[in-house]
>>> print(open('coords-v8.cif').read())   # mmCIF, C-alpha atoms
data_query
loop_
_atom_site.label_atom_id
_atom_site.label_comp_id
_atom_site.auth_asym_id
_atom_site.auth_seq_id
_atom_site.Cartn_x
_atom_site.Cartn_y
_atom_site.Cartn_z
CA MET A 65 116.93 97.86 124.41
CA ALA A 66 120.59 97.73 123.52
CA GLU A 67 122.01 100.72 121.74
CA THR A 68 121.64 100.29 118.01
CA SER A 69 124.84 100.18 116.04
CA ALA A 70 125.10 101.27 112.42
CA SER A 71 124.69 98.52 109.85
CA ARG A 72 127.73 97.62 107.75
CA PRO A 73 127.30 97.02 104.01
CA ALA A 74 127.77 93.33 103.17
CA SER A 75 127.13 90.91 100.31
CA THR A 76 126.55 87.22 99.89
CA ILE A 77 126.18 84.95 96.85
CA LEU A 78 124.01 81.89 96.38
CA LEU A 79 126.19 80.01 93.87
CA LEU A 80 123.99 77.57 91.98
CA ARG A 81 124.47 74.47 89.86
CA ASP A 82 122.07 71.89 88.51
CA GLY A 83 122.29 68.66 90.50
CA GLY A 84 120.86 65.30 89.54
CA LYS A 85 117.26 66.21 90.31
CA GLU A 86 117.42 69.53 92.16
CA VAL A 87 119.25 72.82 92.17
CA GLU A 88 122.30 72.75 94.43
CA VAL A 89 123.82 75.72 96.24
CA PHE A 90 127.35 76.13 97.62
CA MET A 91 127.36 76.54 101.40
CA MET A 92 129.98 76.65 104.13
CA VAL A 93 130.13 76.02 107.85
CA ARG A 94 131.48 79.10 109.60
CA HIS A 95 134.37 78.54 112.00
CA HIS A 96 133.29 78.14 115.62
CA GLN A 97 135.70 80.89 116.67
CA ILE A 98 134.14 83.45 114.32
CA GLU A 99 132.26 86.08 116.29
CA PHE A 100 129.25 86.35 113.97
CA ASN A 101 127.14 83.26 113.15
CA SER A 102 129.80 80.85 114.42
CA GLY A 103 129.15 77.25 113.41
CA ALA A 104 126.34 78.25 111.05
CA LEU A 105 125.78 76.89 107.54
CA VAL A 106 125.88 79.98 105.32
CA PHE A 107 126.46 81.22 101.79
CA PRO A 108 129.86 82.78 101.05
CA GLY A 109 129.98 86.51 101.73
CA GLY A 110 131.10 89.32 103.99
CA SER A 111 131.49 93.05 104.45
CA VAL A 112 132.15 95.58 101.69
CA ASP A 113 135.62 97.00 102.37
CA ALA A 114 137.72 99.97 101.28
CA GLY A 115 139.52 97.85 98.68
CA ASP A 116 136.20 97.11 97.00
CA GLN A 117 135.57 100.85 96.70
CA GLU A 118 138.98 101.26 95.05
CA ILE A 119 137.94 98.70 92.44
CA VAL A 120 134.65 100.59 91.88
CA ALA A 121 136.79 103.51 90.70
CA ARG A 122 138.63 101.26 88.20
CA SER A 123 136.06 100.48 85.51
CA ASP A 124 138.75 98.61 83.56
CA LEU A 125 138.66 95.90 86.26
CA TYR A 126 135.03 94.85 85.82
CA SER A 127 132.36 94.43 83.18
CA GLY A 128 128.60 94.53 83.45
CA GLY A 129 128.52 97.55 85.74
CA GLU A 130 126.60 99.76 83.31
CA GLY A 131 123.52 101.31 84.84
CA LEU A 132 124.57 100.41 88.40
CA SER A 133 125.25 103.00 91.08
CA GLU A 134 128.66 103.12 92.75
CA SER A 135 127.05 101.57 95.83
CA ASP A 136 125.55 98.70 93.80
CA ARG A 137 128.87 98.04 92.10
CA GLY A 138 130.56 97.96 95.53
CA PHE A 139 128.11 95.33 96.79
CA ARG A 140 128.72 93.15 93.71
CA ILE A 141 132.51 93.52 93.80
CA ALA A 142 132.53 92.58 97.49
CA ALA A 143 130.32 89.58 96.77
CA ILE A 144 132.70 88.26 94.11
CA ARG A 145 135.80 88.95 96.23
CA GLU A 146 134.38 87.30 99.34
CA THR A 147 133.30 84.30 97.31
CA PHE A 148 136.80 83.96 95.87
CA GLU A 149 138.38 84.34 99.31
CA GLU A 150 136.09 81.79 100.92
CA SER A 151 135.59 79.27 98.13
CA GLY A 152 138.19 79.88 95.41
CA ILE A 153 135.38 80.30 92.85
CA LEU A 154 136.03 83.34 90.66
CA LEU A 155 133.37 85.11 88.58
CA ALA A 156 135.64 86.93 86.16
CA ARG A 157 136.52 87.30 82.49
CA SER A 158 139.77 87.63 80.63
CA LYS A 159 140.43 91.28 79.85
CA ASP A 160 141.92 90.28 76.48
CA SER A 161 139.33 87.84 75.15
CA GLY A 162 136.26 88.76 77.21
CA ALA A 163 135.69 85.05 77.80
CA PRO A 164 134.88 83.73 81.30
CA ILE A 165 137.98 82.28 82.92
CA ASP A 166 137.87 78.50 83.12
CA ALA A 167 138.27 76.28 86.15
CA LYS A 168 141.96 75.62 85.46
CA ARG A 169 142.82 79.33 85.33
CA ALA A 170 140.67 80.11 88.37
CA GLY A 171 142.45 77.34 90.25
CA GLU A 172 145.88 78.70 89.31
CA ILE A 173 144.94 82.18 90.51
CA ALA A 174 143.50 80.79 93.75
CA ASP A 175 146.59 78.66 94.39
CA ALA A 176 148.88 81.62 93.79
CA HIS A 177 147.03 84.35 95.66
CA ARG A 178 144.15 83.19 97.86
CA VAL A 179 146.13 82.69 101.06
CA ALA A 180 147.93 86.03 100.68
CA LEU A 181 144.60 87.75 99.99
CA ASN A 182 143.04 86.26 103.10
CA GLU A 183 146.07 87.38 105.11
CA HIS A 184 145.82 90.91 103.63
CA LYS A 185 149.25 90.60 102.05
CA ILE A 186 147.93 91.37 98.58
CA SER A 187 144.92 93.33 97.39
CA PHE A 188 142.14 91.94 95.20
CA LEU A 189 142.70 94.93 92.91
CA ASP A 190 146.32 93.87 92.31
CA ILE A 191 145.29 90.26 91.64
CA LEU A 192 142.84 91.43 88.98
CA ALA A 193 145.25 93.89 87.38
CA ASP A 194 148.25 91.53 87.42
CA ASN A 195 146.26 88.65 85.89
CA GLY A 196 144.38 90.61 83.24
CA LEU A 197 140.96 89.98 84.78
CA ARG A 198 137.66 91.80 84.79
CA LEU A 199 135.05 90.89 87.38
CA ALA A 200 131.79 89.69 85.79
CA LEU A 201 129.32 91.88 87.70
CA ASP A 202 126.48 91.02 85.33
CA THR A 203 126.57 87.35 86.39
CA LEU A 204 125.01 88.37 89.72
CA VAL A 205 121.24 88.69 89.98
CA PRO A 206 119.86 90.52 93.06
CA TYR A 207 117.79 88.12 95.15
CA ALA A 208 117.17 89.68 98.56
CA HIS A 209 118.09 92.62 100.79
CA TRP A 210 118.20 92.06 104.57
CA ILE A 211 119.20 94.43 107.36
CA THR A 212 119.96 93.09 110.85
CA PRO A 213 117.28 94.06 113.40
CA GLU A 214 117.82 97.16 115.49
CA GLY A 215 119.18 96.52 118.96
CA MET A 216 121.63 93.82 117.82
CA PRO A 217 125.33 94.39 118.65
CA LYS A 218 126.50 93.60 115.10
CA ARG A 219 124.35 94.80 112.24
CA PHE A 220 124.72 94.24 108.51
CA ASP A 221 123.01 95.71 105.47
CA THR A 222 123.29 92.67 103.21
CA TRP A 223 122.48 92.10 99.56
CA PHE A 224 121.96 88.48 98.49
CA PHE A 225 122.76 87.63 94.88
CA LEU A 226 122.17 84.54 92.76
CA ALA A 227 124.83 83.37 90.30
CA ALA A 228 125.36 80.27 88.22
CA ALA A 229 128.61 78.65 89.34
CA PRO A 230 131.14 78.65 86.49
CA PRO A 231 131.47 75.18 84.89
CA ASP A 232 133.80 72.86 86.82
CA GLN A 233 134.68 75.48 89.46
CA LEU A 234 133.76 73.27 92.40
CA GLY A 235 134.86 75.47 95.29
CA ALA A 236 136.62 74.60 98.54
CA HIS A 237 136.42 76.20 101.99
CA ASP A 238 139.37 78.23 103.21
CA GLY A 239 139.94 76.49 106.56
CA ARG A 240 140.04 79.89 108.26
CA GLU A 241 136.61 81.51 108.31
CA SER A 242 134.95 78.26 107.29
CA THR A 243 135.69 74.68 108.28
CA ASP A 244 133.60 72.73 105.78
CA SER A 245 131.85 73.29 102.47
CA ILE A 246 129.19 71.41 100.56
CA TRP A 247 127.07 71.55 97.47
CA VAL A 248 123.61 70.91 98.84
CA SER A 249 120.03 71.12 97.62
CA PRO A 250 117.94 73.71 99.46
CA ARG A 251 115.65 70.88 100.56
CA GLU A 252 118.50 68.93 102.14
CA ALA A 253 119.90 72.03 103.85
CA LEU A 254 116.47 72.84 105.30
CA GLU A 255 115.98 69.25 106.47
CA GLY A 256 119.39 69.50 108.16
CA GLY A 257 118.27 72.68 109.89
CA GLU A 258 115.16 70.90 111.18
CA SER A 259 117.07 67.84 112.39
CA GLY A 260 119.89 69.78 114.02
CA ARG A 261 122.51 68.63 111.53
CA PHE A 262 122.94 72.24 110.42
CA LYS A 263 122.63 75.56 112.24
CA LEU A 264 120.82 77.89 109.84
CA PRO A 265 120.46 81.65 110.43
CA PHE A 266 116.92 82.94 109.88
CA PRO A 267 117.62 84.84 106.60
CA THR A 268 119.45 81.77 105.24
CA THR A 269 116.45 79.58 106.03
CA ARG A 270 113.97 81.95 104.36
CA ASN A 271 116.08 82.23 101.21
CA LEU A 272 116.59 78.46 101.02
CA ILE A 273 112.81 77.96 101.23
CA ARG A 274 112.34 80.44 98.39
CA LEU A 275 115.09 78.82 96.31
CA ALA A 276 113.71 75.30 96.85
CA LYS A 277 110.69 76.20 94.70
CA GLN A 278 112.88 76.48 91.60
CA GLY A 279 113.68 73.34 89.64
CA SER A 280 116.80 74.49 87.80
CA VAL A 281 119.48 77.17 87.80
CA GLY A 282 117.89 78.77 84.75
CA ALA A 283 114.47 78.90 86.42
CA ALA A 284 115.93 80.36 89.62
CA LEU A 285 117.77 83.12 87.74
CA GLU A 286 114.72 83.93 85.61
CA HIS A 287 112.54 84.11 88.74
CA ALA A 288 115.04 86.42 90.45
CA ARG A 289 115.22 88.75 87.43
CA GLY A 290 111.46 89.16 87.57
CA MET A 291 111.27 89.93 91.28
CA SER A 292 110.90 93.33 92.90
CA ILE A 293 113.08 93.23 95.98
CA VAL A 294 111.60 94.44 99.26
CA THR A 295 114.09 95.30 102.01
CA VAL A 296 113.66 93.13 105.10
CA MET A 297 114.63 94.40 108.54
CA PRO A 298 112.99 91.96 110.98
CA VAL A 299 111.32 93.37 114.06
CA MET A 300 112.13 91.10 116.98
CA THR A 301 109.82 90.51 119.93
CA LYS A 302 110.62 88.30 122.91
CA THR A 303 107.84 85.87 123.77
CA GLU A 304 107.35 83.29 126.53
CA THR A 305 108.79 80.56 124.28
CA GLY A 306 111.59 82.50 122.64
CA ARG A 307 111.57 85.10 119.91
CA GLN A 308 109.15 86.22 117.25
CA LEU A 309 110.30 87.94 114.07
CA ARG A 310 108.04 90.08 111.93
CA ILE A 311 109.01 90.79 108.31
CA PRO A 312 107.14 92.48 105.45
CA ARG A 313 104.67 90.08 103.81
CA GLU A 314 105.38 91.64 100.42
CA ALA A 315 109.02 90.52 100.66
CA GLY A 316 107.83 87.15 99.37
CA TYR A 317 108.80 84.77 102.17
CA ASP A 318 105.43 83.04 102.64
CA GLY A 319 104.47 84.87 105.77
CA GLU A 320 104.87 87.81 108.07
CA VAL A 321 105.36 86.51 111.62
CA PHE A 322 107.81 83.70 112.43
CA GLU A 323 108.65 81.95 115.69
CA VAL A 324 112.39 81.41 115.92
CA GLY A 325 112.83 79.51 119.15
CA ALA A 326 114.77 80.20 122.30
CA VAL A 327 116.77 83.34 122.81
CA GLY A 328 120.52 82.90 122.61
#
>>> encode(input="coords-v8.cif", output="structure tokens")
Amino acid sequence: MAETSASRPASTILLLRDGGKEVEVFMMVRHHQIEFNSGALVFPGGSVDAGDQEIVARSDLYSGGEGLSESDRGFRIAAIRETFEESGILLARSKDSGAPIDAKRAGEIADAHRVALNEHKISFLDILADNGLRLALDTLVPYAHWITPEGMPKRFDTWFFLAAAPPDQLGAHDGRESTDSIWVSPREALEGGESGRFKLPFPTTRNLIRLAKQGSVGAALEHARGMSIVTVMPVMTKTETGRQLRIPREAGYDGEVFEVGAVG
């Protein structure tokens, strides 16, 4: 077995809106030159970084962090930052009024700072402070907790969150880490995974199947608030036909053993 590397803290958000008949979720196609999950259809997200920890220490830059540990606040701050970097959607409130920022203001902030943020020429902390913003940590509802299997070269300790997309913030991919973005129903994304239209990582597939059972954003958020989250670290076994992944049945993914096809 390959030497196990430590898992890096990471976060991802399933941004939801009510479509015509089904819930829709914002997803992006990762750039083919990205080392991890290249070409895959994924939710916005990424690693918790040192800048996120600096924001944790600045309670004036977020709201809704009461009762959360420093670690939990770091995961949520990273989730909101990564989502802003990758989609331009910003889950934040005005420090003055306490009201959620609207699509126009979010767009102005994205136009002014998103490229520089992605190029590490400005910090997310400075963007928040300079624009009188507080991150809305309480808009995120924990949905899942996955850790990459042991023996993999890159490992992540990832929290998945649900959040209702702010009204009229439609999102757009960044052209760097992602090359396309869509609002898609979980059903359509899963059908695309089956047909080969989309490349779906295993955790993404399982969470889409779970989400597809909910008929509205409100129902999905209510369901998530009532869940007890069981950490999933799949145990991988090579078989004659490919790979088999075993996950805890109590994690709520309609099973315990899954065949995931050819290795590679």
>>> resolve_selection(input="coords-v8.cif", expression="the PyMOL selection byres ((chain A and resi 225) around 6)", output="list in words")
Ile77, Leu204, Val205, Pro206, Tyr207, Phe224 and Leu226 of chain A
>>> residues_around(input="coords-v8.cif", residues="segment 280-285 of chain A", least_positions_apart="4", cutoff="8 Å", atoms="all atoms listed in the file", output="VMD selection string")
chain A and resid 80 to 82 86 to 87 205 226 to 228 275 289
>>> residues_around(input="coords-v8.cif", residues="segment 299-308 of chain A", least_positions_apart="3", cutoff="8 Å", atoms="only C-alpha atoms", output="number ranges by chain")
A: 213-214, 311, 321-327
>>> atom_distance(input="coords-v8.cif", atom1="atom CA of Pro312 of chain A", atom2="atom CA of Val294 of chain A")
7.9 Å
>>> closest_atom_pairs(input="coords-v8.cif", of="segment 188-286 of chain A", to="segment 119-132 of chain A", cutoff="9 Å", atoms="all atoms listed in the file", output="Markdown table")
| residue | atom | partner | partner_atom | distance |
| --- | --- | --- | --- | --- |
| A:Phe188 | CA | A:Ile119 | CA | 8.4 |
| A:Leu189 | CA | A:Ile119 | CA | 6.1 |
| A:Leu192 | CA | A:Leu125 | CA | 6.7 |
| A:Ala193 | CA | A:Leu125 | CA | 7.0 |
| A:Gly196 | CA | A:Leu125 | CA | 8.4 |
| A:Leu197 | CA | A:Leu125 | CA | 6.5 |
| A:Arg198 | CA | A:Tyr126 | CA | 4.2 |
| A:Leu199 | CA | A:Tyr126 | CA | 4.3 |
| A:Ala200 | CA | A:Ser127 | CA | 5.4 |
| A:Leu201 | CA | A:Gly128 | CA | 5.1 |
| A:Asp202 | CA | A:Gly128 | CA | 4.5 |
| A:Thr203 | CA | A:Gly128 | CA | 8.0 |
>>> closest_residue(input="coords-v8.cif", among="A:Asp318, A:Asp221, A:Glu150, A:Asp113", to="Pro73 of chain A", atoms="only C-alpha atoms")
A:Asp221
>>> resolve_selection(input="coords-v8.cif", expression="the PyMOL selection byres ((chain A and resi 89) around 6)", output="CSV table (one decimal) with C-alpha atoms, keeping the file's coordinate frame")
chain,number,residue,atom,x,y,z
A,79,LEU,CA,126.2,80.0,93.9
A,80,LEU,CA,124.0,77.6,92.0
A,88,GLU,CA,122.3,72.8,94.4
A,90,PHE,CA,127.4,76.1,97.6
A,247,TRP,CA,127.1,71.6,97.5
A,248,VAL,CA,123.6,70.9,98.8
>>> residues_around(input="coords-v8.cif", residues="segment 173-180 of chain A", least_positions_apart="3", cutoff="8 Å", atoms="all atoms listed in the file", output="NGL selection string")
:A and (148-149 or 152 or 169-170 or 183-186 or 191)
>>> resolve_selection(input="coords-v8.cif", expression="the PyMOL selection byres ((chain A and resi 293) around 10)", output="mmCIF file with C-alpha atoms, in the frame of the given file")
data_model
loop_
_atom_site.group_PDB
_atom_site.id
_atom_site.type_symbol
_atom_site.label_atom_id
_atom_site.label_comp_id
_atom_site.auth_asym_id
_atom_site.auth_seq_id
_atom_site.Cartn_x
_atom_site.Cartn_y
_atom_site.Cartn_z
ATOM 1 C CA PRO A 206 119.860 90.520 93.060
ATOM 2 C CA TYR A 207 117.790 88.120 95.150
ATOM 3 C CA ALA A 208 117.170 89.680 98.560
ATOM 4 C CA HIS A 209 118.090 92.620 100.790
ATOM 5 C CA ALA A 288 115.040 86.420 90.450
ATOM 6 C CA ARG A 289 115.220 88.750 87.430
ATOM 7 C CA GLY A 290 111.460 89.160 87.570
ATOM 8 C CA MET A 291 111.270 89.930 91.280
ATOM 9 C CA SER A 292 110.900 93.330 92.900
ATOM 10 C CA VAL A 294 111.600 94.440 99.260
ATOM 11 C CA THR A 295 114.090 95.300 102.010
ATOM 12 C CA VAL A 296 113.660 93.130 105.100
ATOM 13 C CA GLU A 314 105.380 91.640 100.420
ATOM 14 C CA ALA A 315 109.020 90.520 100.660
ATOM 15 C CA GLY A 316 107.830 87.150 99.370
#
>>> atom_distance(input="coords-v8.cif", atom1="atom CA of Pro108 of chain A", atom2="atom CA of Arg219 of chain A")
17.3 Å
>>> closest_residue(input="coords-v8.cif", among="A:Ala104, A:Leu309, A:Ala276, A:Asp232", to="Glu252 of chain A", atoms="all atoms listed in the file")
A:Ala276
